[in-house]
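Q: For reference, this is data.csv, and it has CSV, C-alpha atoms.
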```csv
chain,number,residue,atom,x,y,z
A,1,MET,CA,131.2,-130.8,26.6
A,2,SER,CA,129.1,-128.0,25.3
A,3,LYS,CA,126.1,-130.0,26.4
A,4,PHE,CA,126.8,-129.1,30.0
A,5,LYS,CA,127.5,-125.5,29.4
A,6,LYS,CA,125.1,-123.1,31.0
A,7,LYS,CA,122.9,-121.3,28.6
A,8,LYS,CA,123.2,-117.8,29.9
A,9,GLY,CA,125.5,-116.0,32.3
A,10,GLY,CA,125.2,-117.6,35.8
A,11,GLU,CA,122.4,-115.2,36.9
A,12,ILE,CA,120.1,-116.6,39.7
A,13,PRO,CA,116.5,-116.4,38.7
A,14,ALA,CA,114.3,-114.2,40.9
A,15,VAL,CA,112.4,-116.0,43.6
A,16,ASN,CA,108.8,-116.4,42.7
A,17,THR,CA,106.7,-114.4,45.3
A,18,ALA,CA,103.3,-115.2,43.9
A,19,SER,CA,102.4,-117.4,46.9
A,20,LEU,CA,103.6,-114.8,49.4
A,21,PRO,CA,100.0,-113.4,49.9
A,22,ASP,CA,98.7,-116.9,50.5
A,23,ILE,CA,101.2,-117.5,53.3
A,24,VAL,CA,100.5,-114.1,54.8
A,25,PHE,CA,96.7,-114.7,54.6
A,26,MET,CA,97.2,-118.0,56.3
A,27,LEU,CA,99.0,-116.4,59.2
A,28,LEU,CA,96.4,-113.6,59.2
A,29,PHE,CA,93.5,-116.0,59.6
A,30,PHE,CA,95.3,-117.8,62.4
A,31,PHE,CA,95.7,-114.7,64.4
A,32,MET,CA,92.2,-113.5,63.6
A,33,VAL,CA,90.7,-116.7,64.9
A,34,ALA,CA,93.0,-116.9,67.9
A,35,THR,CA,92.6,-113.3,69.0
A,36,VAL,CA,90.5,-112.6,72.0
A,37,MET,CA,89.8,-108.9,72.4
A,38,ARG,CA,90.5,-107.9,75.9
A,39,GLN,CA,87.4,-106.7,77.8
A,40,ASN,CA,89.3,-104.6,80.3
A,41,THR,CA,92.3,-102.5,79.9
A,42,LEU,CA,94.6,-103.5,82.7
A,43,MET,CA,95.9,-100.7,84.9
A,44,ILE,CA,97.8,-103.1,87.1
A,45,GLU,CA,100.6,-105.5,86.9
A,46,ASN,CA,99.1,-108.9,86.4
A,47,ASN,CA,101.7,-111.6,86.5
A,48,LEU,CA,99.6,-114.7,87.3
A,49,PRO,CA,101.1,-117.5,89.4
A,50,PHE,CA,101.6,-121.0,88.2
A,51,ALA,CA,99.6,-124.1,89.1
A,52,ASP,CA,99.3,-127.5,87.5
A,53,GLN,CA,95.9,-128.8,88.9
A,54,VAL,CA,94.0,-126.4,86.7
A,55,GLU,CA,90.5,-126.7,85.4
A,56,LYS,CA,89.4,-124.8,82.3
A,57,LEU,CA,86.9,-122.1,82.7
A,58,ASP,CA,84.3,-122.6,80.0
A,59,LYS,CA,81.3,-120.4,79.3
A,60,LYS,CA,83.1,-117.1,79.2
A,61,ASP,CA,79.9,-115.1,79.5
A,62,LEU,CA,79.4,-116.6,83.0
A,63,VAL,CA,82.6,-115.3,84.5
A,64,MET,CA,83.1,-112.1,86.5
A,65,TYR,CA,86.6,-110.9,86.6
A,66,ILE,CA,88.2,-109.2,89.6
A,67,TYR,CA,91.8,-108.1,89.0
A,68,ALA,CA,94.3,-107.2,91.7
A,69,GLY,CA,97.9,-106.1,91.6
A,70,LYS,CA,100.2,-103.2,91.9
A,71,PRO,CA,99.4,-100.2,89.7
A,72,SER,CA,101.5,-100.5,86.5
A,73,GLU,CA,104.1,-98.1,85.2
A,74,ASN,CA,101.7,-95.6,83.7
A,75,TYR,CA,99.5,-95.4,86.8
A,76,LYS,CA,102.2,-94.8,89.5
A,77,GLN,CA,100.2,-91.9,90.8
A,78,PHE,CA,97.9,-94.4,92.4
A,79,GLY,CA,100.7,-95.6,94.7
A,80,ASN,CA,102.6,-98.8,95.2
A,81,GLU,CA,100.1,-100.8,97.2
A,82,THR,CA,98.2,-103.6,95.7
A,83,ARG,CA,94.9,-102.4,94.3
A,84,ILE,CA,91.7,-104.0,93.0
A,85,GLN,CA,90.5,-103.3,89.5
A,86,LEU,CA,86.9,-103.8,88.5
A,87,ASN,CA,86.0,-103.2,84.9
A,88,ASP,CA,88.2,-100.3,83.8
A,89,LYS,CA,89.0,-98.6,87.0
A,90,PHE,CA,90.5,-99.0,90.5
A,91,ALA,CA,88.1,-99.9,93.2
A,92,GLU,CA,87.9,-100.4,96.9
A,93,VAL,CA,87.0,-103.6,98.6
A,94,ARG,CA,83.6,-102.4,99.6
A,95,GLU,CA,82.7,-101.7,95.9
A,96,ILE,CA,82.8,-105.4,95.1
A,97,ALA,CA,79.3,-106.0,96.4
A,98,ALA,CA,77.9,-103.4,94.0
A,99,PHE,CA,80.0,-104.8,91.1
A,100,ILE,CA,78.7,-108.4,91.7
A,101,ALA,CA,75.1,-107.0,91.9
A,102,ALA,CA,75.6,-105.1,88.6
A,103,GLU,CA,77.1,-108.2,86.9
A,104,ARG,CA,74.2,-110.3,88.1
A,105,ALA,CA,71.7,-107.8,86.9
A,106,SER,CA,73.2,-108.0,83.4
A,107,LYS,CA,72.7,-111.7,83.1
A,108,ARG,CA,69.6,-113.8,82.6
A,109,GLU,CA,68.1,-114.8,85.9
A,110,GLU,CA,68.3,-118.5,85.4
A,111,LEU,CA,72.1,-118.2,84.8
A,112,ILE,CA,72.9,-116.4,88.0
A,113,PRO,CA,73.6,-119.6,90.1
A,114,PHE,CA,76.2,-120.6,87.6
A,115,LEU,CA,78.2,-117.4,87.7
A,116,THR,CA,81.8,-117.8,88.7
A,117,THR,CA,84.1,-115.1,90.0
A,118,ALA,CA,87.6,-115.3,88.5
A,119,LEU,CA,90.3,-113.8,90.6
A,120,LYS,CA,93.2,-112.6,88.5
A,121,VAL,CA,95.7,-111.6,91.0
A,122,ASP,CA,99.3,-110.7,90.6
A,123,SER,CA,101.6,-113.3,92.1
A,124,ASN,CA,103.3,-110.8,94.4
A,125,ALA,CA,100.0,-109.5,96.0
A,126,ASN,CA,99.5,-110.0,99.7
A,127,MET,CA,96.9,-112.5,101.0
A,128,GLY,CA,95.4,-109.9,103.2
A,129,LEU,CA,93.7,-108.2,100.3
A,130,ILE,CA,92.5,-111.6,98.8
A,131,GLY,CA,91.1,-112.5,102.2
A,132,ASP,CA,89.1,-109.2,102.2
A,133,ILE,CA,87.8,-109.9,98.7
A,134,LYS,CA,86.8,-113.4,99.6
A,135,GLN,CA,85.0,-112.2,102.7
A,136,GLU,CA,83.2,-109.6,100.6
A,137,LEU,CA,82.2,-112.3,98.1
A,138,ARG,CA,80.8,-114.5,100.9
A,139,LYS,CA,78.7,-111.6,102.0
A,140,VAL,CA,77.0,-111.3,98.7
A,141,ASN,CA,76.8,-115.1,98.3
A,142,ALA,CA,79.0,-115.3,95.3
A,143,LEU,CA,80.7,-118.5,96.4
A,144,LYS,CA,82.0,-120.0,93.2
A,145,ILE,CA,85.5,-118.7,92.7
A,146,ASN,CA,88.4,-119.5,90.4
A,147,TYR,CA,92.0,-118.5,91.1
A,148,THR,CA,93.2,-117.9,87.6
A,149,THR,CA,96.6,-119.3,87.1
A,150,LYS,CA,99.1,-120.1,84.3
A,151,LYS,CA,99.8,-123.7,83.7
A,152,GLY,CA,103.1,-124.8,85.0
A,153,SER,CA,104.9,-126.2,88.0
A,154,VAL,CA,104.3,-124.5,91.3
A,155,LEU,CA,107.9,-124.8,92.1
A,156,GLY,CA,108.5,-122.2,89.4
A,157,ASN,CA,106.6,-119.6,91.5
B,1,MET,CA,82.6,-106.0,17.6
B,2,ALA,CA,85.7,-107.8,18.9
B,3,LYS,CA,85.4,-109.4,22.3
B,4,ARG,CA,87.5,-107.4,24.7
B,5,ALA,CA,89.1,-109.1,27.6
B,6,ALA,CA,88.6,-107.4,30.9
B,7,PRO,CA,91.9,-106.0,32.2
B,8,GLU,CA,93.4,-108.0,35.0
B,9,VAL,CA,93.4,-106.5,38.4
B,10,ASN,CA,96.8,-105.9,39.7
B,11,ALA,CA,97.2,-108.1,42.8
B,12,GLY,CA,100.7,-107.0,43.5
B,13,SER,CA,99.7,-105.0,46.6
B,14,MET,CA,97.6,-107.8,48.0
B,15,ALA,CA,100.5,-108.9,50.1
B,16,ASP,CA,100.9,-105.4,51.6
B,17,ILE,CA,97.3,-105.2,52.6
B,18,ALA,CA,97.4,-108.7,54.1
B,19,PHE,CA,100.6,-107.8,56.0
B,20,LEU,CA,99.0,-104.7,57.4
B,21,LEU,CA,96.1,-106.7,58.7
B,22,LEU,CA,98.4,-109.4,60.0
B,23,ILE,CA,100.5,-106.9,61.9
B,24,PHE,CA,97.4,-105.4,63.4
B,25,PHE,CA,96.2,-108.7,64.7
B,26,LEU,CA,99.7,-109.7,65.9
B,27,VAL,CA,99.8,-106.6,68.0
B,28,THR,CA,96.3,-106.8,69.5
B,29,THR,CA,96.4,-110.5,70.3
B,30,THR,CA,96.7,-111.4,73.9
B,31,ILE,CA,96.3,-115.1,74.5
B,32,GLU,CA,94.1,-114.9,77.6
B,33,THR,CA,94.5,-117.5,80.3
B,34,ASP,CA,91.1,-118.9,81.2
B,35,SER,CA,92.0,-121.7,83.5
B,36,GLY,CA,92.7,-122.0,87.2
B,37,LEU,CA,91.9,-123.6,90.5
B,38,ASN,CA,88.2,-123.8,91.1
B,39,ARG,CA,87.2,-123.4,94.7
B,40,LYS,CA,84.0,-122.9,96.7
B,41,LEU,CA,83.8,-120.4,99.5
B,42,PRO,CA,81.9,-121.4,102.6
B,43,PRO,CA,78.6,-119.5,103.1
B,44,ILE,CA,78.4,-117.3,106.1
B,45,GLU,CA,76.8,-119.2,108.9
B,46,GLU,CA,75.8,-118.2,112.4
B,47,THR,CA,75.8,-121.8,113.7
B,48,GLU,CA,78.5,-123.0,116.0
B,49,PRO,CA,81.1,-125.2,114.2
B,50,PRO,CA,81.0,-128.8,115.2
B,51,VAL,CA,83.7,-130.2,117.5
B,52,ILE,CA,86.3,-132.0,115.6
B,53,LYS,CA,89.0,-134.3,117.0
B,54,GLN,CA,92.4,-132.8,116.8
B,55,LYS,CA,93.8,-135.9,115.1
B,56,ASN,CA,91.4,-135.4,112.2
B,57,ILE,CA,92.7,-132.0,111.4
B,58,PHE,CA,95.8,-131.4,109.2
B,59,THR,CA,97.0,-127.9,109.9
B,60,VAL,CA,98.9,-126.1,107.3
B,61,LEU,CA,100.2,-122.7,108.2
B,62,LEU,CA,101.7,-120.1,105.9
B,63,ASN,CA,103.5,-117.2,107.6
B,64,GLY,CA,104.3,-113.8,106.3
B,65,GLN,CA,107.7,-115.0,105.0
B,66,ASP,CA,106.0,-117.7,102.9
B,67,GLN,CA,107.4,-120.4,105.2
B,68,LEU,CA,105.3,-123.5,105.6
B,69,LEU,CA,104.4,-125.1,108.9
B,70,VAL,CA,102.6,-128.4,108.6
B,71,GLU,CA,101.4,-130.2,111.7
B,72,ASP,CA,103.8,-128.1,113.8
B,73,GLU,CA,106.8,-129.0,111.6
B,74,ILE,CA,108.6,-126.9,109.0
B,75,MET,CA,108.1,-128.4,105.6
B,76,GLU,CA,109.1,-127.6,102.0
B,77,ILE,CA,106.4,-127.1,99.5
B,78,LYS,CA,107.5,-130.1,97.4
B,79,ASP,CA,106.9,-132.5,100.4
B,80,LEU,CA,103.4,-131.2,101.1
B,81,ARG,CA,101.5,-133.3,98.6
B,82,ALA,CA,102.9,-136.6,100.0
B,83,ALA,CA,102.2,-135.5,103.5
B,84,ALA,CA,98.6,-134.6,102.7
B,85,ILE,CA,98.1,-137.9,100.9
B,86,ALA,CA,99.5,-139.8,103.9
B,87,PHE,CA,97.2,-137.9,106.2
B,88,LEU,CA,94.0,-138.3,104.1
B,89,ASP,CA,94.6,-142.0,103.2
B,90,ASN,CA,95.5,-143.0,106.7
B,91,GLY,CA,92.3,-144.8,107.8
B,92,GLY,CA,93.1,-144.9,111.5
B,93,ASP,CA,89.7,-146.3,112.6
B,94,LYS,CA,89.9,-149.2,110.0
B,95,SER,CA,86.4,-148.4,108.8
B,96,CYS,CA,87.8,-147.4,105.4
B,97,SER,CA,88.3,-150.5,103.3
B,98,PHE,CA,90.1,-148.9,100.4
B,99,CYS,CA,92.6,-146.8,102.3
B,100,THR,CA,96.2,-147.8,101.7
B,101,GLY,CA,97.7,-145.6,104.5
B,102,LYS,CA,99.6,-146.7,107.6
B,103,LYS,CA,96.4,-147.0,109.8
B,104,ASP,CA,98.2,-145.0,112.4
B,105,PRO,CA,95.7,-144.4,115.3
B,106,GLU,CA,97.3,-141.0,116.0
B,107,SER,CA,96.4,-139.7,112.5
B,108,SER,CA,93.0,-139.2,110.7
B,109,ASP,CA,90.2,-141.7,111.2
B,110,ASN,CA,89.0,-142.0,107.6
B,111,PRO,CA,89.0,-139.8,104.5
B,112,ALA,CA,85.4,-138.7,105.2
B,113,LYS,CA,86.4,-137.2,108.5
B,114,ALA,CA,89.9,-135.9,107.6
B,115,ILE,CA,90.0,-132.1,107.3
B,116,ILE,CA,92.7,-130.0,106.0
B,117,SER,CA,92.9,-126.6,107.6
B,118,LEU,CA,94.8,-123.9,105.8
B,119,LYS,CA,95.7,-120.7,107.6
B,120,ASN,CA,97.6,-117.8,106.1
B,121,GLU,CA,98.7,-114.4,107.3
B,122,ARG,CA,97.9,-111.1,105.7
B,123,GLU,CA,101.5,-110.7,104.5
B,124,THR,CA,101.6,-114.1,102.8
B,125,LYS,CA,102.3,-113.8,99.1
B,126,TYR,CA,99.6,-114.9,96.7
B,127,LYS,CA,101.9,-117.2,94.8
B,128,ALA,CA,102.9,-119.1,97.9
B,129,TYR,CA,99.2,-119.5,98.8
B,130,ILE,CA,98.4,-120.7,95.3
B,131,ALA,CA,101.3,-123.2,95.5
B,132,VAL,CA,99.9,-124.6,98.7
B,133,GLN,CA,96.3,-124.7,97.4
B,134,ASN,CA,97.6,-126.5,94.2
B,135,GLU,CA,99.4,-129.1,96.2
B,136,LEU,CA,96.4,-129.8,98.4
B,137,VAL,CA,94.1,-130.1,95.5
B,138,ALA,CA,96.7,-132.3,93.8
B,139,ALA,CA,96.6,-134.6,96.9
B,140,TYR,CA,92.9,-135.0,96.6
B,141,ASN,CA,93.0,-135.5,92.9
B,142,GLU,CA,95.7,-138.2,93.2
B,143,LEU,CA,93.7,-140.1,95.7
B,144,ARG,CA,90.5,-139.8,93.6
B,145,ASN,CA,92.3,-141.0,90.5
B,146,LYS,CA,93.6,-144.0,92.4
B,147,ARG,CA,90.2,-144.8,93.7
B,148,ALA,CA,88.6,-144.4,90.2
B,149,GLN,CA,91.3,-146.6,88.7
B,150,ALA,CA,90.5,-149.3,91.3
B,151,LEU,CA,86.7,-149.1,91.0
B,152,TYR,CA,86.1,-148.3,87.3
B,153,GLY,CA,89.5,-148.7,85.6
B,154,THR,CA,89.7,-145.1,84.5
B,155,SER,CA,91.1,-142.0,86.1
B,156,PHE,CA,88.9,-139.5,87.9
B,157,ALA,CA,90.2,-136.7,85.7
B,158,GLU,CA,89.2,-138.6,82.6
B,159,MET,CA,85.7,-139.2,84.0
B,160,GLU,CA,85.2,-135.6,84.7
B,161,ALA,CA,86.5,-134.6,81.2
B,162,ASN,CA,84.0,-137.1,79.7
B,163,PHE,CA,81.2,-135.7,81.8
B,164,LYS,CA,81.8,-132.3,80.4
B,165,ASP,CA,82.3,-133.4,76.9
B,166,VAL,CA,79.1,-133.1,74.9
B,167,ASN,CA,80.2,-135.6,72.3
B,168,TRP,CA,80.9,-138.4,74.8
B,169,PRO,CA,78.8,-141.4,73.7
B,170,GLY,CA,78.3,-143.1,77.0
B,171,SER,CA,75.5,-142.7,79.6
B,172,LYS,CA,76.0,-139.4,81.5
B,173,ASP,CA,73.7,-140.5,84.4
B,174,ALA,CA,75.8,-143.6,85.1
B,175,LEU,CA,78.9,-141.5,84.9
B,176,LYS,CA,77.5,-138.9,87.2
B,177,LYS,CA,76.8,-141.6,89.8
B,178,LYS,CA,80.3,-142.9,89.5
B,179,ILE,CA,81.7,-139.5,90.0
B,180,GLU,CA,79.5,-138.9,93.0
B,181,GLN,CA,80.6,-142.2,94.5
B,182,ILE,CA,84.3,-141.2,94.3
B,183,LYS,CA,83.6,-137.7,95.7
B,184,LEU,CA,81.8,-139.5,98.5
B,185,ASP,CA,84.8,-141.7,99.2
B,186,TYR,CA,87.3,-138.8,99.2
B,187,PRO,CA,85.3,-135.6,100.0
B,188,GLN,CA,87.3,-132.4,99.5
B,189,LYS,CA,87.3,-131.0,103.0
B,190,LEU,CA,89.6,-128.0,102.8
B,191,SER,CA,88.8,-125.3,105.3
B,192,GLU,CA,90.4,-121.9,105.5
B,193,VAL,CA,90.8,-120.1,108.7
B,194,GLN,CA,90.0,-116.4,108.6
```
Rewrite the structure of this file - the entire thing - as structure tokens.

A:
Amino acid sequence: MSKFKKKKGGEIPAVNTASLPDIVFMLLFFFMVATVMRQNTLMIENNLPFADQVEKLDKKDLVMYIYAGKPSENYKQFGNETRIQLNDKFAEVREIAAFIAAERASKREELIPFLTTALKVDSNANMGLIGDIKQELRKVNALKINYTTKKGSVLGN
Amino acid sequence: MAKRAAPEVNAGSMADIAFLLLIFFLVTTTIETDSGLNRKLPPIEETEPPVIKQKNIFTVLLNGQDQLLVEDEIMEIKDLRAAAIAFLDNGGDKSCSFCTGKKDPESSDNPAKAIISLKNERETKYKAYIAVQNELVAAYNELRNKRAQALYGTSFAEMEANFKDVNWPGSKDALKKKIEQIKLDYPQKLSEVQ
């Protein structure tokens, strides 16, 4: 019987944590690779709507972003109405033309026809503002647009 | 002189450093959405629009309360896709050999002439508008997929994916011709009323 007796008192051996750094590094590398640093700090609520017929926007450097939505919690002094955000500040509809011109000037000339304007608009925004933005874009001949959406069923909207 | 072993570096705090970095990246990560519905705006033209027969226009109206009126009838968003397909694929003048619709003379002549007209009000919510846009694009995509399946035995979405894929081994020129052919059969004529 003594064969089956435990050698020492029944103490549980300590868990070996030597591989903990490896696991953490693995996670770290995943997040480092997956991270996209935001270009703009959003000052608006930007809860995108859902759609399922989406196409991917490739060539990130050929995209101009126009954001729209209600000012978020920290910017309540700008009111409750839906506002446009260009780069890092609030803008009026008439400033879009200048914004597009500036974006175009910063790109190489041969790439200008391939520029796409991505509209990142909050799902609760009114279409009136979007109509104004589109009209403004037509005026400056920036006709390729993309309504950025999350992937999902439209019935979830 | 005796050979002295270099003292081992204590790696006990390695995990702490890695955790610190990990937490930083966890906090700063925002998985950005970079997909959406691609559309093309019409250029501003001074010319008079051509006269179009009423039966070739499929009117979709979205009011300020996000209610949908399709061809003067109230409709739910889930029925819109089927209604749009039925309209586009009708083939009323029998010139379209591949249409599988009802050939109703009261509805559209052929897919090349059929136009979907979308009108919304200023108070319409963006999400309702996107839902309608999505359903209409879905209607076109479904018809194109069906046509591609019949002509080339593959779906239109797959053809477009292959066309964009740089590693695709086949002939891009031939594929482009096929894509153009299907776009010709079912042109996306979606006009928005200002």

Q: Near chain B, which residues of chain A fall within 9 Å when you count all atoms listed in the file, and what do they look like as number ranges by chain?

A: A: 18, 20-22, 24-25, 27-29, 31-32, 34-38, 48-58, 60, 118, 121-131, 134-135, 137-139, 141-151, 153-155, 157

Q: Could you check which of B:Asp72, B:Asp109, B:Glu158, B:Glu48 is closest to Asn145 (chain B), using all atoms listed in the file?

A: B:Glu158

Q: Pull the neighbourhood of (84.1, -107.8, 88.1) for me: all residues within 6 Å in file coordinates, counting all atoms listed in the file, as a list of chain:residue names.

A: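 Residues with an atom close enough to that point: A:Met64, A:Tyr65, A:Ile66, A:Leu86, A:Asn87, A:Phe99.
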
Q: Just give me the gap between CA of Gln65 (chain B) and CA of Asn80 (chain A) in Å, one decimal is fine.

A: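 CA of Asn80 (chain A) lies at a distance of 19.6 Å from CA of Gln65 (chain B).
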
Q: Kindly give the distance, in Å, that separates CA of Asp132 (chain A) and CA of Glu95 (chain A), rounded to a single decimal.

A: 11.7 Å

Q: Could you state the separation of CA of Ser95 (chain B) and CA of Gln149 (chain B) in Å, given to one decimal place?

A: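 We find that CA of Ser95 (chain B) and CA of Gln149 (chain B) lie 20.8 Å from each other.
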
Q: Of the candidates A:Lys120, A:Ala97, A:Glu136, A:Asn74, which shows the shortest atom-to-atom distance to Asn47 (chain A), using only C-alpha atoms?

A: A:Lys120

Q: Residues within 7 Å of region 173-189 of chain B, please, as number ranges by chain. Count only C-alpha atoms; anything in the same chain fewer than 6 positions from it doesn't count.

A: B: 111-112, 115-116, 140, 144, 147-148, 163

Q: Under the rule that only C-alpha atoms are counted, which of A:Ile96, A:Ala102, A:Leu111, A:Ile44 is the nearest residue to Gly79 (chain A)?

A: A:Ile44

Q: Excluding Cys99 (chain B) and its own-chain neighbours fewer than 3 positions away, which residues fall within 12 Å of it when counting only C-alpha atoms? Please give them as a VMD selection string.

A: chain B and resid 85 to 96 102 to 104 108 to 112 143 to 144 146 to 147 150 185 to 186

Q: Rebuild region 93-115 of chain A to N, CA and C atoms - output it as a PDB file, in the coordinates of the input, please.

A:
```pdb
ATOM      1  N   VAL A  93      87.586-102.339  98.313  1.00  0.00           N
ATOM      2  CA  VAL A  93      87.000-103.600  98.600  1.00  0.00           C
ATOM      3  C   VAL A  93      85.484-103.555  98.766  1.00  0.00           C
ATOM      4  N   ARG A  94      85.006-102.457  99.345  1.00  0.00           N
ATOM      5  CA  ARG A  94      83.600-102.400  99.600  1.00  0.00           C
ATOM      6  C   ARG A  94      82.756-102.219  98.288  1.00  0.00           C
ATOM      7  N   GLU A  95      83.425-101.877  97.183  1.00  0.00           N
ATOM      8  CA  GLU A  95      82.700-101.700  95.900  1.00  0.00           C
ATOM      9  C   GLU A  95      82.433-103.056  95.230  1.00  0.00           C
ATOM     10  N   ILE A  96      83.009-104.127  95.760  1.00  0.00           N
ATOM     11  CA  ILE A  96      82.800-105.400  95.100  1.00  0.00           C
ATOM     12  C   ILE A  96      81.376-105.869  95.134  1.00  0.00           C
ATOM     13  N   ALA A  97      80.702-105.615  96.249  1.00  0.00           N
ATOM     14  CA  ALA A  97      79.300-106.000  96.400  1.00  0.00           C
ATOM     15  C   ALA A  97      78.468-105.397  95.252  1.00  0.00           C
ATOM     16  N   ALA A  98      78.702-104.100  95.021  1.00  0.00           N
ATOM     17  CA  ALA A  98      77.900-103.400  94.000  1.00  0.00           C
ATOM     18  C   ALA A  98      78.298-103.958  92.601  1.00  0.00           C
ATOM     19  N   PHE A  99      79.581-104.287  92.426  1.00  0.00           N
ATOM     20  CA  PHE A  99      80.000-104.800  91.100  1.00  0.00           C
ATOM     21  C   PHE A  99      79.350-106.167  90.856  1.00  0.00           C
ATOM     22  N   ILE A 100      79.298-107.034  91.875  1.00  0.00           N
ATOM     23  CA  ILE A 100      78.700-108.400  91.700  1.00  0.00           C
ATOM     24  C   ILE A 100      77.187-108.172  91.389  1.00  0.00           C
ATOM     25  N   ALA A 101      76.558-107.241  92.104  1.00  0.00           N
ATOM     26  CA  ALA A 101      75.100-107.000  91.900  1.00  0.00           C
ATOM     27  C   ALA A 101      74.891-106.532  90.437  1.00  0.00           C
ATOM     28  N   ALA A 102      75.765-105.639  89.950  1.00  0.00           N
ATOM     29  CA  ALA A 102      75.600-105.100  88.600  1.00  0.00           C
ATOM     30  C   ALA A 102      75.824-106.237  87.570  1.00  0.00           C
ATOM     31  N   GLU A 103      76.816-107.098  87.807  1.00  0.00           N
ATOM     32  CA  GLU A 103      77.100-108.200  86.900  1.00  0.00           C
ATOM     33  C   GLU A 103      75.897-109.168  86.861  1.00  0.00           C
ATOM     34  N   ARG A 104      75.356-109.422  88.041  1.00  0.00           N
ATOM     35  CA  ARG A 104      74.200-110.300  88.100  1.00  0.00           C
ATOM     36  C   ARG A 104      73.017-109.765  87.375  1.00  0.00           C
ATOM     37  N   ALA A 105      72.823-108.450  87.527  1.00  0.00           N
ATOM     38  CA  ALA A 105      71.700-107.800  86.900  1.00  0.00           C
ATOM     39  C   ALA A 105      71.770-107.882  85.375  1.00  0.00           C
ATOM     40  N   SER A 106      73.016-107.958  84.866  1.00  0.00           N
ATOM     41  CA  SER A 106      73.200-108.000  83.400  1.00  0.00           C
ATOM     42  C   SER A 106      73.020-109.343  82.807  1.00  0.00           C
ATOM     43  N   LYS A 107      72.880-110.360  83.659  1.00  0.00           N
ATOM     44  CA  LYS A 107      72.700-111.700  83.100  1.00  0.00           C
ATOM     45  C   LYS A 107      71.285-112.177  83.266  1.00  0.00           C
ATOM     46  N   ARG A 108      70.963-113.205  82.475  1.00  0.00           N
ATOM     47  CA  ARG A 108      69.600-113.800  82.600  1.00  0.00           C
ATOM     48  C   ARG A 108      69.458-114.425  83.960  1.00  0.00           C
ATOM     49  N   GLU A 109      68.250-114.375  84.482  1.00  0.00           N
ATOM     50  CA  GLU A 109      68.100-114.800  85.900  1.00  0.00           C
ATOM     51  C   GLU A 109      68.432-116.231  86.119  1.00  0.00           C
ATOM     52  N   GLU A 110      68.088-117.111  85.156  1.00  0.00           N
ATOM     53  CA  GLU A 110      68.300-118.500  85.400  1.00  0.00           C
ATOM     54  C   GLU A 110      69.841-118.865  85.362  1.00  0.00           C
ATOM     55  N   LEU A 111      70.653-117.936  84.874  1.00  0.00           N
ATOM     56  CA  LEU A 111      72.100-118.200  84.800  1.00  0.00           C
ATOM     57  C   LEU A 111      72.840-117.763  86.040  1.00  0.00           C
ATOM     58  N   ILE A 112      72.176-116.989  86.887  1.00  0.00           N
ATOM     59  CA  ILE A 112      72.900-116.400  88.000  1.00  0.00           C
ATOM     60  C   ILE A 112      73.540-117.431  88.946  1.00  0.00           C
ATOM     61  N   PRO A 113      72.902-118.586  89.226  1.00  0.00           N
ATOM     62  CA  PRO A 113      73.600-119.600  90.100  1.00  0.00           C
ATOM     63  C   PRO A 113      74.879-120.114  89.499  1.00  0.00           C
ATOM     64  N   PHE A 114      75.050-119.999  88.191  1.00  0.00           N
ATOM     65  CA  PHE A 114      76.200-120.600  87.600  1.00  0.00           C
ATOM     66  C   PHE A 114      77.371-119.581  87.402  1.00  0.00           C
ATOM     67  N   LEU A 115      77.160-118.374  87.863  1.00  0.00           N
ATOM     68  CA  LEU A 115      78.200-117.400  87.700  1.00  0.00           C
ATOM     69  C   LEU A 115      79.437-117.716  88.563  1.00  0.00           C
TER      70      LEU A 115
END
```
